[in-house]
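Novice: Sending over work-v6.csv (CSV, C-alpha atoms).
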```csv
chain,number,residue,atom,x,y,z
A,1,MET,CA,43.7,-19.6,164.2
A,2,ALA,CA,41.7,-19.4,161.0
A,3,ASP,CA,38.2,-20.8,161.0
A,4,LEU,CA,38.5,-23.5,158.4
A,5,SER,CA,34.7,-24.3,158.7
A,6,THR,CA,33.9,-20.9,157.0
A,7,PRO,CA,32.7,-21.7,153.5
A,8,SER,CA,34.5,-20.6,150.5
A,9,VAL,CA,33.2,-17.7,148.4
A,10,ILE,CA,32.4,-18.7,144.8
A,11,VAL,CA,33.2,-16.1,142.2
A,12,ASP,CA,32.9,-15.7,138.4
A,13,PRO,CA,36.4,-15.9,136.9
A,14,ALA,CA,35.7,-13.2,134.3
A,15,GLY,CA,34.6,-10.9,137.1
A,16,LEU,CA,37.7,-11.7,139.1
A,17,ILE,CA,39.9,-10.8,136.2
A,18,ASP,CA,38.1,-7.5,135.6
A,19,PHE,CA,38.3,-6.7,139.3
A,20,THR,CA,42.0,-7.5,139.6
A,21,ALA,CA,42.8,-5.4,136.5
A,22,ALA,CA,40.7,-2.5,137.9
A,23,VAL,CA,42.7,-2.7,141.2
A,24,LEU,CA,46.0,-2.5,139.3
A,25,ARG,CA,44.8,0.4,137.2
A,26,ALA,CA,43.9,2.2,140.4
A,27,THR,CA,47.5,2.1,141.4
A,28,GLY,CA,48.5,3.9,138.2
A,29,MET,CA,49.1,1.1,135.8
A,30,ASP,CA,47.9,1.5,132.2
A,31,GLU,CA,45.2,-0.8,130.8
A,32,ALA,CA,47.3,-3.3,128.9
A,33,PRO,CA,49.9,-3.9,131.6
A,34,ALA,CA,47.2,-4.1,134.2
A,35,ALA,CA,45.3,-6.7,132.1
A,36,ALA,CA,48.5,-8.7,131.7
A,37,GLY,CA,49.1,-8.8,135.4
A,38,ALA,CA,45.5,-9.7,136.2
A,39,ASP,CA,45.6,-12.5,133.7
A,40,VAL,CA,48.7,-14.0,135.5
A,41,LEU,CA,47.3,-13.8,139.0
A,42,CYS,CA,43.7,-14.9,138.2
A,43,ARG,CA,44.7,-17.8,135.9
A,44,THR,CA,47.2,-19.0,138.5
A,45,THR,CA,44.4,-19.1,141.1
A,46,MET,CA,42.0,-20.8,138.7
A,47,ARG,CA,44.6,-23.5,138.0
A,48,GLY,CA,44.8,-24.3,141.7
A,49,VAL,CA,48.1,-22.6,142.6
A,50,GLU,CA,46.4,-20.5,145.2
A,51,SER,CA,49.6,-19.7,147.0
A,52,HIS,CA,50.8,-17.5,144.1
A,53,GLY,CA,47.6,-16.0,142.7
A,54,VAL,CA,45.2,-13.3,143.8
A,55,SER,CA,46.0,-14.1,147.4
A,56,TYR,CA,49.1,-11.9,146.7
A,57,LEU,CA,47.2,-9.1,145.1
A,58,HIS,CA,47.3,-6.9,148.2
A,59,GLN,CA,51.1,-7.4,148.4
A,60,TYR,CA,51.6,-6.3,144.8
A,61,VAL,CA,49.4,-3.2,145.4
A,62,LYS,CA,51.5,-2.4,148.4
A,63,GLN,CA,54.7,-2.7,146.3
A,64,LEU,CA,53.2,-0.4,143.7
A,65,ARG,CA,52.1,2.1,146.3
A,66,GLU,CA,55.3,2.2,148.2
A,67,GLY,CA,57.7,2.5,145.2
A,68,GLY,CA,59.1,-1.0,144.9
A,69,ALA,CA,57.3,-1.6,141.6
A,70,ASN,CA,57.0,1.0,138.9
A,71,PRO,CA,53.4,1.3,137.6
A,72,LYS,CA,54.5,3.0,134.4
A,73,ALA,CA,57.4,0.6,133.6
A,74,GLU,CA,58.5,0.1,130.0
A,75,ILE,CA,60.7,-2.7,128.8
A,76,GLY,CA,64.1,-1.4,127.8
A,77,VAL,CA,66.1,-3.3,125.3
A,78,ILE,CA,69.8,-3.2,126.2
A,79,VAL,CA,71.1,-5.7,123.7
A,80,ASP,CA,69.3,-6.9,120.5
A,81,ARG,CA,71.0,-9.6,118.5
A,82,GLY,CA,68.0,-11.0,116.7
A,83,ALA,CA,67.4,-14.2,118.6
A,84,LEU,CA,69.1,-13.0,121.7
A,85,ALA,CA,68.0,-10.0,123.8
A,86,VAL,CA,69.0,-8.5,127.1
A,87,VAL,CA,66.3,-6.3,128.6
A,88,ASP,CA,65.7,-4.1,131.6
A,89,ALA,CA,62.3,-4.5,133.2
A,90,ASP,CA,62.3,-1.0,134.6
A,91,ALA,CA,61.3,-2.3,138.1
A,92,GLY,CA,57.8,-3.0,136.8
A,93,LEU,CA,55.2,-5.2,138.5
A,94,GLY,CA,56.6,-8.7,138.2
A,95,PRO,CA,53.7,-10.6,136.8
A,96,SER,CA,52.9,-8.0,134.2
A,97,MET,CA,56.4,-7.5,133.0
A,98,ALA,CA,57.2,-11.2,132.9
A,99,ALA,CA,54.0,-11.8,130.8
A,100,GLN,CA,54.9,-9.0,128.4
A,101,ILE,CA,58.6,-10.2,128.1
A,102,THR,CA,57.4,-13.8,127.5
A,103,THR,CA,55.2,-12.6,124.7
A,104,ALA,CA,58.0,-10.6,123.2
A,105,THR,CA,60.3,-13.7,123.4
A,106,ILE,CA,57.7,-15.8,121.7
A,107,ASP,CA,57.6,-13.3,118.9
A,108,ARG,CA,61.3,-13.4,118.5
A,109,ALA,CA,61.2,-17.2,118.4
A,110,ARG,CA,58.7,-17.1,115.6
A,111,THR,CA,61.0,-14.9,113.6
A,112,HIS,CA,64.3,-16.7,114.3
A,113,GLY,CA,63.2,-20.2,115.3
A,114,ILE,CA,64.6,-19.8,118.8
A,115,ALA,CA,65.0,-16.9,121.2
A,116,MET,CA,66.7,-16.2,124.5
A,117,THR,CA,65.9,-13.2,126.7
A,118,SER,CA,68.0,-12.3,129.7
A,119,VAL,CA,66.2,-9.9,132.1
A,120,ARG,CA,67.5,-7.5,134.8
A,121,ASN,CA,65.9,-5.0,137.1
A,122,ALA,CA,62.7,-7.1,137.4
A,123,ASN,CA,60.5,-8.0,140.4
A,124,HIS,CA,58.9,-11.2,141.8
A,125,PHE,CA,56.9,-12.7,138.9
A,126,GLY,CA,54.5,-15.0,140.9
A,127,ALA,CA,54.0,-18.5,139.6
A,128,ALA,CA,56.6,-19.5,137.1
A,129,GLY,CA,54.2,-22.0,135.5
A,130,HIS,CA,52.2,-19.2,133.9
A,131,TYR,CA,55.0,-18.3,131.5
A,132,GLY,CA,55.7,-21.8,130.4
A,133,LEU,CA,52.0,-22.1,129.8
A,134,LEU,CA,52.0,-19.0,127.6
A,135,CYS,CA,54.8,-20.4,125.5
A,136,ALA,CA,53.0,-23.8,125.1
A,137,GLU,CA,49.7,-22.1,124.2
A,138,ALA,CA,51.5,-20.1,121.5
A,139,GLY,CA,52.9,-23.3,119.9
A,140,CYS,CA,56.4,-23.1,121.4
A,141,ILE,CA,58.6,-24.8,123.9
A,142,GLY,CA,59.4,-22.5,126.7
A,143,LEU,CA,61.9,-22.6,129.6
A,144,VAL,CA,61.5,-19.7,132.1
A,145,MET,CA,63.1,-19.1,135.4
A,146,SER,CA,63.9,-16.5,138.0
A,147,ASN,CA,66.2,-15.9,140.9
A,148,THR,CA,64.8,-14.9,144.3
A,149,PRO,CA,66.1,-13.6,147.6
A,150,PRO,CA,67.9,-16.3,149.7
A,151,ILE,CA,65.2,-18.3,151.4
A,152,MET,CA,66.6,-21.8,151.1
A,153,ALA,CA,69.5,-23.6,152.8
A,154,VAL,CA,72.1,-25.5,150.7
A,155,THR,CA,73.8,-28.7,151.4
A,156,GLY,CA,75.8,-28.2,154.6
A,157,SER,CA,74.3,-24.9,155.6
A,158,ARG,CA,71.8,-24.2,158.3
A,159,SER,CA,70.4,-20.9,157.2
A,160,ARG,CA,69.1,-19.0,154.1
A,161,SER,CA,71.9,-19.3,151.5
A,162,ILE,CA,70.2,-19.1,148.1
A,163,GLY,CA,66.9,-18.6,146.4
A,164,ASN,CA,64.7,-21.6,145.6
A,165,GLY,CA,65.0,-21.2,141.9
A,166,PRO,CA,61.5,-21.2,140.5
A,167,LEU,CA,61.4,-22.7,137.0
A,168,SER,CA,58.8,-23.5,134.4
A,169,PHE,CA,58.9,-25.7,131.3
A,170,GLY,CA,56.0,-25.7,128.8
A,171,ALA,CA,55.4,-27.6,125.6
A,172,PRO,CA,52.3,-28.1,123.3
A,173,ARG,CA,50.6,-31.4,122.7
A,174,THR,CA,48.3,-32.0,119.8
A,175,GLY,CA,44.7,-32.5,121.0
A,176,ALA,CA,45.6,-32.3,124.7
A,177,PRO,CA,46.5,-29.8,127.3
A,178,PRO,CA,50.1,-28.5,127.3
A,179,PHE,CA,52.8,-30.2,129.3
A,180,VAL,CA,53.6,-27.6,131.9
A,181,LEU,CA,56.1,-28.2,134.6
A,182,ASP,CA,56.1,-25.6,137.4
A,183,ILE,CA,58.6,-26.2,140.2
A,184,ALA,CA,61.0,-24.6,142.7
A,185,MET,CA,64.1,-26.3,144.0
A,186,SER,CA,62.9,-26.3,147.6
A,187,ARG,CA,60.8,-29.2,148.9
A,188,VAL,CA,57.9,-26.8,149.0
A,189,ALA,CA,57.2,-23.2,147.9
A,190,GLY,CA,57.4,-20.5,150.5
A,191,GLY,CA,53.9,-19.4,149.7
A,192,LYS,CA,52.6,-22.7,151.1
A,193,ILE,CA,54.3,-21.9,154.4
A,194,ARG,CA,52.5,-18.6,154.4
A,195,MET,CA,49.2,-20.3,153.7
A,196,ALA,CA,49.8,-22.6,156.7
A,197,ILE,CA,50.1,-19.6,159.0
A,198,GLN,CA,46.9,-18.1,157.5
A,199,ASN,CA,45.1,-21.4,158.2
A,200,GLY,CA,46.6,-21.9,161.7
A,201,GLN,CA,48.3,-25.1,160.6
A,202,ARG,CA,51.6,-26.8,161.1
A,203,VAL,CA,53.7,-27.9,158.2
A,204,PRO,CA,55.2,-31.4,157.6
A,205,LEU,CA,58.5,-32.2,159.1
A,206,GLY,CA,61.2,-31.9,156.4
A,207,TRP,CA,59.9,-28.7,154.8
A,208,ILE,CA,61.8,-26.1,156.8
A,209,VAL,CA,64.4,-25.5,159.5
A,210,ASP,CA,64.5,-22.9,162.2
A,211,PRO,CA,67.3,-20.2,162.3
A,212,GLU,CA,69.6,-22.7,164.1
A,213,GLY,CA,69.1,-25.3,161.4
A,214,ASN,CA,66.8,-27.5,163.4
A,215,PRO,CA,64.0,-29.3,161.7
A,216,THR,CA,60.6,-27.8,162.6
A,217,THR,CA,56.9,-27.9,161.8
A,218,VAL,CA,56.2,-24.4,163.0
A,219,PRO,CA,55.7,-22.2,160.0
A,220,GLU,CA,56.5,-19.0,162.0
A,221,ASP,CA,60.1,-20.4,162.3
A,222,PHE,CA,60.4,-19.7,158.6
A,223,LEU,CA,58.4,-16.6,158.0
A,224,VAL,CA,58.8,-14.8,161.3
A,225,ARG,CA,62.1,-16.1,162.8
A,226,ARG,CA,63.6,-16.3,159.2
A,227,GLY,CA,64.6,-19.9,159.1
A,228,ALA,CA,65.1,-21.6,155.8
A,229,LEU,CA,63.3,-23.8,153.3
A,230,LEU,CA,65.1,-27.1,152.6
A,231,PRO,CA,66.2,-28.1,149.1
A,232,MET,CA,64.5,-31.0,147.3
A,233,GLU,CA,66.6,-34.1,147.4
A,234,ASP,CA,69.4,-32.2,149.2
A,235,HIS,CA,72.3,-31.6,146.8
A,236,LYS,CA,70.1,-32.0,143.7
A,237,GLY,CA,67.9,-29.1,144.7
A,238,TYR,CA,70.9,-27.1,145.7
A,239,GLY,CA,72.7,-27.6,142.4
A,240,LEU,CA,69.6,-26.8,140.3
A,241,SER,CA,69.0,-23.7,142.3
A,242,LEU,CA,72.6,-22.6,141.7
A,243,MET,CA,72.0,-23.2,138.0
A,244,VAL,CA,68.9,-21.0,138.1
A,245,GLU,CA,70.8,-18.3,139.9
A,246,THR,CA,73.6,-18.5,137.3
A,247,LEU,CA,71.2,-18.1,134.4
A,248,SER,CA,68.8,-15.6,135.9
A,249,GLY,CA,71.2,-13.5,138.0
A,250,ALA,CA,74.9,-13.9,137.0
A,251,LEU,CA,74.1,-13.9,133.3
A,252,SER,CA,71.6,-11.0,133.2
A,253,GLY,CA,73.5,-8.5,135.4
A,254,ALA,CA,70.6,-8.5,137.9
A,255,ALA,CA,71.2,-8.7,141.7
A,256,MET,CA,72.3,-12.0,143.1
A,257,LEU,CA,71.8,-13.9,146.3
A,258,GLY,CA,71.5,-11.5,149.3
A,259,SER,CA,71.5,-8.5,147.0
A,260,VAL,CA,68.0,-9.4,145.7
A,261,ARG,CA,65.6,-7.5,147.8
A,262,ASN,CA,62.7,-9.3,149.5
A,263,TRP,CA,59.6,-7.7,148.0
A,264,ILE,CA,57.4,-8.8,150.9
A,265,TYR,CA,59.6,-7.4,153.7
A,266,ASP,CA,60.8,-4.4,151.7
A,267,PRO,CA,58.0,-3.3,149.3
A,268,ALA,CA,59.5,0.2,148.9
A,269,THR,CA,62.7,-1.0,147.2
A,270,PRO,CA,62.9,-2.6,143.7
A,271,SER,CA,64.2,-6.1,144.1
A,272,ASP,CA,66.4,-6.2,140.9
A,273,THR,CA,65.3,-9.8,140.2
A,274,GLY,CA,66.6,-11.5,137.1
A,275,TYR,CA,64.8,-13.8,134.7
A,276,PHE,CA,66.0,-16.2,132.0
A,277,LEU,CA,63.7,-17.2,129.1
A,278,PHE,CA,64.5,-19.7,126.3
A,279,VAL,CA,61.8,-20.3,123.6
A,280,ILE,CA,61.8,-22.7,120.6
A,281,ASP,CA,59.2,-22.3,117.9
A,282,VAL,CA,57.7,-25.8,117.3
A,283,GLY,CA,54.8,-24.7,115.1
A,284,SER,CA,53.6,-26.8,112.2
A,285,ASP,CA,55.3,-24.5,109.7
A,286,GLY,CA,58.7,-24.4,111.4
A,287,ALA,CA,61.7,-26.7,111.8
A,288,PHE,CA,59.9,-29.1,114.0
A,289,PRO,CA,56.5,-29.6,112.4
A,290,ASP,CA,55.8,-33.0,114.0
A,291,PHE,CA,56.8,-32.1,117.6
A,292,SER,CA,53.3,-31.7,119.1
A,293,ASP,CA,52.2,-35.0,117.7
A,294,ARG,CA,55.3,-36.7,118.9
A,295,LEU,CA,54.9,-35.2,122.4
A,296,ARG,CA,51.3,-36.4,122.5
A,297,ALA,CA,52.5,-40.0,121.7
A,298,LEU,CA,55.3,-39.8,124.2
A,299,CYS,CA,53.0,-38.7,127.0
A,300,ALA,CA,50.4,-41.2,126.0
A,301,GLU,CA,52.9,-44.0,126.4
A,302,VAL,CA,54.1,-42.7,129.8
A,303,THR,CA,50.6,-42.3,131.2
A,304,ALA,CA,49.6,-45.8,130.0
A,305,SER,CA,52.2,-47.3,132.4
A,306,PRO,CA,50.9,-49.9,134.9
A,307,ARG,CA,49.4,-47.9,137.8
A,308,ALA,CA,50.5,-48.4,141.4
A,309,PRO,CA,47.9,-49.8,143.9
A,310,GLY,CA,45.2,-47.2,144.6
A,311,VAL,CA,46.1,-45.0,141.6
A,312,GLU,CA,43.3,-44.3,139.2
A,313,ARG,CA,45.2,-42.1,136.7
A,314,ILE,CA,48.7,-41.0,135.8
A,315,PHE,CA,48.8,-37.3,134.9
A,316,VAL,CA,51.0,-35.3,132.6
A,317,PRO,CA,52.3,-32.2,134.5
A,318,GLY,CA,49.9,-29.4,133.8
A,319,GLU,CA,46.8,-31.6,133.4
A,320,ILE,CA,45.6,-31.2,136.9
A,321,GLU,CA,45.9,-27.5,136.7
A,322,HIS,CA,44.2,-27.4,133.3
A,323,GLU,CA,41.2,-29.3,134.6
A,324,ALA,CA,41.0,-27.0,137.6
A,325,GLU,CA,40.9,-24.0,135.3
A,326,GLN,CA,38.2,-25.6,133.2
A,327,ARG,CA,36.1,-26.3,136.3
A,328,ALA,CA,36.5,-22.7,137.4
A,329,TRP,CA,35.2,-21.4,134.1
A,330,THR,CA,32.2,-23.7,134.1
A,331,SER,CA,31.3,-23.9,137.8
A,332,GLY,CA,32.9,-20.8,139.4
A,333,LEU,CA,36.0,-20.3,141.3
A,334,ALA,CA,36.2,-21.0,145.1
A,335,LEU,CA,38.1,-18.5,147.1
A,336,ARG,CA,39.1,-19.1,150.7
A,337,PRO,CA,37.4,-16.6,153.1
A,338,GLN,CA,40.8,-15.1,154.0
A,339,VAL,CA,41.4,-14.3,150.3
A,340,TRP,CA,38.0,-12.8,149.9
A,341,ALA,CA,38.5,-10.6,153.0
A,342,LYS,CA,41.7,-9.2,151.4
A,343,LEU,CA,39.9,-8.5,148.2
A,344,ARG,CA,37.2,-6.8,150.1
A,345,VAL,CA,39.7,-4.5,151.7
A,346,LEU,CA,41.2,-3.6,148.3
A,347,ALA,CA,37.7,-3.0,146.9
A,348,GLU,CA,36.9,-0.6,149.8
A,349,GLY,CA,40.2,1.2,149.4
A,350,HIS,CA,39.8,1.7,145.6
A,351,GLY,CA,36.1,2.4,145.3
A,352,LEU,CA,35.4,-1.0,143.7
A,353,ASP,CA,32.8,-2.4,145.9
A,354,PRO,CA,30.2,-2.8,143.1
A,355,ALA,CA,32.8,-4.8,141.0
A,356,LEU,CA,33.5,-7.1,144.0
A,357,SER,CA,29.8,-7.7,144.6
A,358,ALA,CA,29.1,-8.3,141.0
A,359,MET,CA,31.6,-11.2,140.7
A,360,LYS,CA,30.3,-13.1,143.7
A,361,VAL,CA,28.2,-16.1,142.7
A,362,SER,CA,27.6,-17.5,146.2
```
What is this structure when it is put down as structure tokens?

Specialist:
Amino acid sequence: MADLSTPSVIVDPAGLIDFTAAVLRATGMDEAPAAAGADVLCRTTMRGVESHGVSYLHQYVKQLREGGANPKAEIGVIVDRGALAVVDADAGLGPSMAAQITTATIDRARTHGIAMTSVRNANHFGAAGHYGLLCAEAGCIGLVMSNTPPIMAVTGSRSRSIGNGPLSFGAPRTGAPPFVLDIAMSRVAGGKIRMAIQNGQRVPLGWIVDPEGNPTTVPEDFLVRRGALLPMEDHKGYGLSLMVETLSGALSGAAMLGSVRNWIYDPATPSDTGYFLFVIDVGSDGAFPDFSDRLRALCAEVTASPRAPGVERIFVPGEIEHEAEQRAWTSGLALRPQVWAKLRVLAEGHGLDPALSAMKVS
């Protein structure tokens, strides 16, 4: 069991970004793709989504080293019809390629007003929320999703039947942090089950079932014995996950369901994951010049609702994460000792001990 009394390690976020990019470059990635991947992982951690941030860096390095991710990947355009593109991600590192493809889709939206990109031959892209955030920060509405290997049961099944359909929606608000929705269609992300094992903890009843379909609180029943996550609100989570699989997998020509390789268990094989991106330009000089102001007013009215007993504040999705990121920049970022230990191993393996030491604040 992990020693939860061990204090966190406080690091400088800029130093963590530089270190993460250096690790990725050491695997053979070029500077710009490595920087893009580091930005995804580090900002995800800074925004409080620890389950999908730098805690996964060692797994991404393993995937790069063993051949499941191509360190020299280039985006290949298969179909280009202006606002619509179909692209091949060349089995590149998921967070890096997804960030680059999101940026390219934003550029298309600025030219055409809207843009849709369908992606095949990709890999696990980490936290979906980062890509909706990129769209919102660029003055666009963004809807981004990905399929995954089957890790979730569906209504009536007892085992892994479908992916949990990670999805992000981002939109800009005038004078306020973006509205960023980051969800999967399971009751909880699989990464949180992994964190429970690392911390020696049980999980709440209702999150997972064992391989026989029995409810369980033992995280190993999911990650080791290969039980399943449960869909949120039963048929609703199932239906939404099937929608994500349709748009990300069936539409793109990527692998679907059981044909999507699990990058954790099989890091030597590209997963052929699919993505779907839809972006609308809502900048002040476009077709929707008042959108950001109207969204600010909409959210202000919602968050002014009478609060339930004991509730001090109603948040817009993305505000908690935004405030966590601001705290990290001003006060340093706290990393769990388990995450720091993994970074130390990476530093030792890549000759980056000075960079690791330099980013440690306390």

Novice: Can you pull out the residues contacting range 95-112 of chain A? Cut-off 6 Å, using all atoms listed in the file, and skip same-chain residues under 3 positions away; I want them as an MDAnalysis selection string.

Specialist: chainID A and resid 33 36:37 83 115 125 280:281

Novice: Can you measure CA of Glu348 in chain A to CA of Ser8 in chain A for me? One decimal in Å is fine.

Specialist: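 Between CA of Glu348 in chain A and CA of Ser8 in chain A the gap is 20.2 Å.
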
Novice: Please provide as JSON, numbers by chain all residues within 12 Å of range 328-330 of chain A, with the sequence filter that same-chain residues fewer than 6 positions apart are discarded (counting all atoms listed in the file).

Specialist: {"A": [10, 11, 12, 13, 14, 15, 16, 17, 42, 43, 44, 45, 46, 47, 48, 321, 322, 361]}

Novice: Counting only C-alpha atoms, what is within 8 Å of Lys342 in chain A, bar same-chain residues fewer than 3 positions away, as a list of chain:residue names?

Specialist: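 Non-adjacent residues within range: A:Ser55, A:His58, A:Gln338, A:Val339, A:Val345, A:Leu346.
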
Novice: Skipping near chain neighbours, those fewer than 2 positions away, what residues fall within 9 Å of range 219-223 of chain A using all atoms listed in the file, listed as a list of chain:residue names?

Specialist: A:Ile151, A:Gly190, A:Ile193, A:Arg194, A:Ala196, A:Ile197, A:Gln201, A:Arg202, A:Val203, A:Ile208, A:Val209, A:Asp210, A:Pro211, A:Thr216, A:Thr217, A:Arg225, A:Arg226, A:Gly227, A:Ala228, A:Leu229

Novice: Would you mind listing what lies within 9 Å of Pro178 in chain A as a list of chain:residue names, with all atoms listed in the file counted and same-chain residues fewer than 5 positions away left out?

Specialist: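 Once the adjacent positions are removed, what remains is A:Leu133, A:Ala136, A:Glu137, A:Gly170, A:Ala171, A:Pro172, A:Arg173, A:Val316, A:Pro317, A:Gly318, A:Glu319, A:His322.
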
Novice: Find the residues with any atom within 12 Å of (54.1, 3.7, 143.0); use all atoms listed in the file and the coordinates as given in the file, and write the answer as a ChimeraX atom specification.

Specialist: /A:24-29,60-73,91-93,267-270

Novice: List the residues sitting within 7 Å of (49.8, -12.8, 142.1) in the file's frame, using all atoms listed in the file, as a JSON list (two decimals) with C-alpha atoms, keeping the file's coordinate frame.

Specialist:
```json
[["chain", "number", "residue", "atom", "x", "y", "z"],
["A", 40, "VAL", "CA", 48.70, -14.00, 135.50],
["A", 41, "LEU", "CA", 47.30, -13.80, 139.00],
["A", 52, "HIS", "CA", 50.80, -17.50, 144.10],
["A", 53, "GLY", "CA", 47.60, -16.00, 142.70],
["A", 54, "VAL", "CA", 45.20, -13.30, 143.80],
["A", 55, "SER", "CA", 46.00, -14.10, 147.40],
["A", 56, "TYR", "CA", 49.10, -11.90, 146.70],
["A", 57, "LEU", "CA", 47.20, -9.10, 145.10],
["A", 95, "PRO", "CA", 53.70, -10.60, 136.80],
["A", 126, "GLY", "CA", 54.50, -15.00, 140.90]]
```

Novice: For Met359 in chain A, which residue among A:Val224, A:Ala347, A:Ala300, A:Ile314 is the nearest when counting only C-alpha atoms?

Specialist: A:Ala347

Novice: Considering only C-alpha atoms, state which residue in the set A:Ser51, A:Ser161, A:Ala297, A:Ser259 is at the smallest distance from Val188 in chain A.

Specialist: A:Ser51

Novice: State, in Å with one decimal place, the distance from CA of Pro149 in chain A to CA of Leu335 in chain A.

Specialist: 28.4 Å

Novice: So how many Å separate CA of Asn199 in chain A and CA of Val49 in chain A, to one decimal?

Specialist: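 Taking CA of Asn199 in chain A as the start and CA of Val49 in chain A as the end point, the length is 15.9 Å.
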
Novice: Using all atoms listed in the file, which of A:Gly165, A:Gly200, A:Pro309, A:Gly82 sits nearest Glu245 in chain A?

Specialist: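 Of A:Gly165, A:Gly200, A:Pro309, A:Gly82, the one nearest Glu245 in chain A is A:Gly165, counting all atoms listed in the file.
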
Novice: Given all atoms listed in the file as the basis, pick out the residue of A:Gly351, A:Pro337, A:Gly253, A:Gly142 nearest to Ile78 in chain A.

Specialist: A:Gly253
